[in-house]
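Comments concern the structure below.
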Amino acid sequence: MRATGGSGIKDLYSGLIRIHVLHHACEEGIFGLGMIHELRRHGYRIGPGTIYPLLHGMESRGLVRSSLAWINGRRRKVYYGTRAGRKVLEEAKKKVRELADEILEHDQRRRH
Ligand SMILES: [Zn+2]
């Protein structure tokens, strides 16, 4: 991953990227290049060398399942969240919410 910034930042964001990928896989299904663009839109600069191994890893762990589909005239491998993937995502959401509540609330207190 070519994350922006110095050492350790890459590791810091890799979990967020995984959750983000799982979220979109569960919502509408994703393919590698589309997910690269989606992550860029959110400010994460990752390339095919990161996204494909990530998707394959999620697939081998049963979090997503792939099937071939035609998208804009191209045959793409589209990944969809499985039942197990959704379960993991729901757990992750709780943790994200808890963390966001804590760190953002802290921010707010400081501003007041
Ligand atoms: Zn997104």
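The way I read the labels, and the way they are meant: chains A, B, ... in the order of the structure tokens, residue 1 as the first residue of every chain, and ligand 1 as the first ligand shown, with later ones counted on from there.
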What's the 10 Å shell around Ile17 in chain A, counting only C-alpha atoms, without same-chain residues fewer than 5 positions away, as an MDAnalysis selection string? chainID A and resid 12 22:23 39 44 46 51 54
Applying 10 Å and only C-alpha atoms, which residues near range 93-101 of chain A remain after dropping the ones on its own chain fewer than 6 positions away? List them as a list in words. Leu16, Ile19, His23, Lys87 and Asp107 of chain A
Throw together the list of residues within 9 Å of ligand 1, counting only C-alpha atoms and all ligand atoms, and drop it here as a list in words.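 Final answer, ordered by chain and number: His20, Val21, His23, His24, Met35, Glu38, Leu39, Arg41 and His42 of chain A.
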As JSON, numbers by chain, list the residues of chain A assigned to helix (DSSP H, G or I) by DSSP on the backbone atoms of this structure. {"A": [9, 10, 11, 12, 13, 14, 15, 16, 17, 18, 19, 20, 21, 22, 23, 24, 25, 26, 27, 32, 33, 34, 35, 36, 37, 38, 39, 40, 41, 48, 49, 50, 51, 52, 53, 54, 55, 56, 57, 58, 59, 60, 83, 84, 85, 86, 87, 88, 89, 90, 91, 92, 93, 94, 95, 96, 97, 98, 99, 100, 101, 102, 103, 104, 105, 106, 107, 108, 109, 110, 111]}
Go ahead and write the selection's residues with C-alpha atoms as a PDB file, in the first residue's frame.
```
ATOM      1  CA  ILE A   9       0.661   5.233   8.763  1.00  0.00           C
ATOM      2  CA  LYS A  10       0.141   2.375   6.329  1.00  0.00           C
ATOM      3  CA  ASP A  11      -0.507  -0.058   9.175  1.00  0.00           C
ATOM      4  CA  LEU A  12      -2.716   2.443  10.893  1.00  0.00           C
ATOM      5  CA  TYR A  13      -5.103   2.659   7.943  1.00  0.00           C
ATOM      6  CA  SER A  14      -5.044  -0.916   6.679  1.00  0.00           C
ATOM      7  CA  GLY A  15      -7.857  -2.007   8.985  1.00  0.00           C
ATOM      8  CA  LEU A  16      -9.993   0.938   7.923  1.00  0.00           C
ATOM      9  CA  ILE A  17      -9.418   0.046   4.287  1.00  0.00           C
ATOM     10  CA  ARG A  18     -10.440  -3.559   4.932  1.00  0.00           C
ATOM     11  CA  ILE A  19     -13.623  -2.486   6.679  1.00  0.00           C
ATOM     12  CA  HIS A  20     -14.348  -0.059   3.859  1.00  0.00           C
ATOM     13  CA  VAL A  21     -13.864  -2.801   1.239  1.00  0.00           C
ATOM     14  CA  LEU A  22     -16.068  -5.215   3.179  1.00  0.00           C
ATOM     15  CA  HIS A  23     -18.742  -2.545   3.529  1.00  0.00           C
ATOM     16  CA  HIS A  24     -18.947  -1.986  -0.237  1.00  0.00           C
ATOM     17  CA  ALA A  25     -18.800  -5.717  -0.950  1.00  0.00           C
ATOM     18  CA  CYS A  26     -21.809  -6.177   1.337  1.00  0.00           C
ATOM     19  CA  GLU A  27     -23.656  -3.140  -0.037  1.00  0.00           C
ATOM     20  CA  GLY A  32     -10.755  -4.416  -7.883  1.00  0.00           C
ATOM     21  CA  LEU A  33     -10.410  -1.356 -10.068  1.00  0.00           C
ATOM     22  CA  GLY A  34     -13.726   0.108  -8.945  1.00  0.00           C
ATOM     23  CA  MET A  35     -12.627  -0.244  -5.327  1.00  0.00           C
ATOM     24  CA  ILE A  36      -9.286   1.426  -6.094  1.00  0.00           C
ATOM     25  CA  HIS A  37     -11.227   4.422  -7.442  1.00  0.00           C
ATOM     26  CA  GLU A  38     -13.611   4.431  -4.509  1.00  0.00           C
ATOM     27  CA  LEU A  39     -10.716   4.433  -2.036  1.00  0.00           C
ATOM     28  CA  ARG A  40      -8.961   7.224  -3.980  1.00  0.00           C
ATOM     29  CA  ARG A  41     -12.119   9.279  -3.673  1.00  0.00           C
ATOM     30  CA  PRO A  48      -3.751  -3.253  -7.746  1.00  0.00           C
ATOM     31  CA  GLY A  49      -0.803  -4.823  -5.895  1.00  0.00           C
ATOM     32  CA  THR A  50      -2.665  -4.183  -2.646  1.00  0.00           C
ATOM     33  CA  ILE A  51      -6.334  -4.489  -3.531  1.00  0.00           C
ATOM     34  CA  TYR A  52      -6.197  -7.854  -5.306  1.00  0.00           C
ATOM     35  CA  PRO A  53      -4.309  -9.740  -2.579  1.00  0.00           C
ATOM     36  CA  LEU A  54      -6.667  -8.122  -0.053  1.00  0.00           C
ATOM     37  CA  LEU A  55      -9.755  -9.323  -1.952  1.00  0.00           C
ATOM     38  CA  HIS A  56      -8.288 -12.793  -2.469  1.00  0.00           C
ATOM     39  CA  GLY A  57      -7.467 -13.011   1.225  1.00  0.00           C
ATOM     40  CA  MET A  58     -11.015 -12.022   2.152  1.00  0.00           C
ATOM     41  CA  GLU A  59     -12.362 -14.585  -0.268  1.00  0.00           C
ATOM     42  CA  SER A  60     -10.234 -17.394   1.107  1.00  0.00           C
ATOM     43  CA  ARG A  83     -23.233 -14.118   5.428  1.00  0.00           C
ATOM     44  CA  ALA A  84     -19.999 -14.520   7.413  1.00  0.00           C
ATOM     45  CA  GLY A  85     -18.690 -11.275   5.894  1.00  0.00           C
ATOM     46  CA  ARG A  86     -21.816  -9.415   7.001  1.00  0.00           C
ATOM     47  CA  LYS A  87     -21.435 -10.752  10.501  1.00  0.00           C
ATOM     48  CA  VAL A  88     -17.826  -9.570  10.652  1.00  0.00           C
ATOM     49  CA  LEU A  89     -18.878  -6.202   9.244  1.00  0.00           C
ATOM     50  CA  GLU A  90     -21.570  -5.774  11.902  1.00  0.00           C
ATOM     51  CA  GLU A  91     -18.989  -6.427  14.616  1.00  0.00           C
ATOM     52  CA  ALA A  92     -16.562  -4.027  12.957  1.00  0.00           C
ATOM     53  CA  LYS A  93     -19.259  -1.346  12.770  1.00  0.00           C
ATOM     54  CA  LYS A  94     -19.757  -1.511  16.514  1.00  0.00           C
ATOM     55  CA  LYS A  95     -16.046  -1.052  17.052  1.00  0.00           C
ATOM     56  CA  VAL A  96     -15.818   1.784  14.535  1.00  0.00           C
ATOM     57  CA  ARG A  97     -18.790   3.523  16.171  1.00  0.00           C
ATOM     58  CA  GLU A  98     -17.328   3.113  19.628  1.00  0.00           C
ATOM     59  CA  LEU A  99     -13.952   4.416  18.549  1.00  0.00           C
ATOM     60  CA  ALA A 100     -15.459   7.315  16.581  1.00  0.00           C
ATOM     61  CA  ASP A 101     -17.658   8.260  19.541  1.00  0.00           C
ATOM     62  CA  GLU A 102     -14.684   8.289  21.842  1.00  0.00           C
ATOM     63  CA  ILE A 103     -12.155  10.139  19.736  1.00  0.00           C
ATOM     64  CA  LEU A 104     -14.615  12.607  18.216  1.00  0.00           C
ATOM     65  CA  GLU A 105     -16.294  13.309  21.518  1.00  0.00           C
ATOM     66  CA  HIS A 106     -12.885  14.020  22.971  1.00  0.00           C
ATOM     67  CA  ASP A 107     -12.321  16.501  20.113  1.00  0.00           C
ATOM     68  CA  GLN A 108     -15.600  18.204  20.812  1.00  0.00           C
ATOM     69  CA  ARG A 109     -14.881  18.556  24.511  1.00  0.00           C
ATOM     70  CA  ARG A 110     -11.622  20.254  23.705  1.00  0.00           C
ATOM     71  CA  ARG A 111     -13.311  22.758  21.439  1.00  0.00           C
TER      72      ARG A 111
END
```
Grab the CA of Lys77 in chain A to CA of Gly43 in chain A distance for me, in Å with one decimal place. 24.0 Å
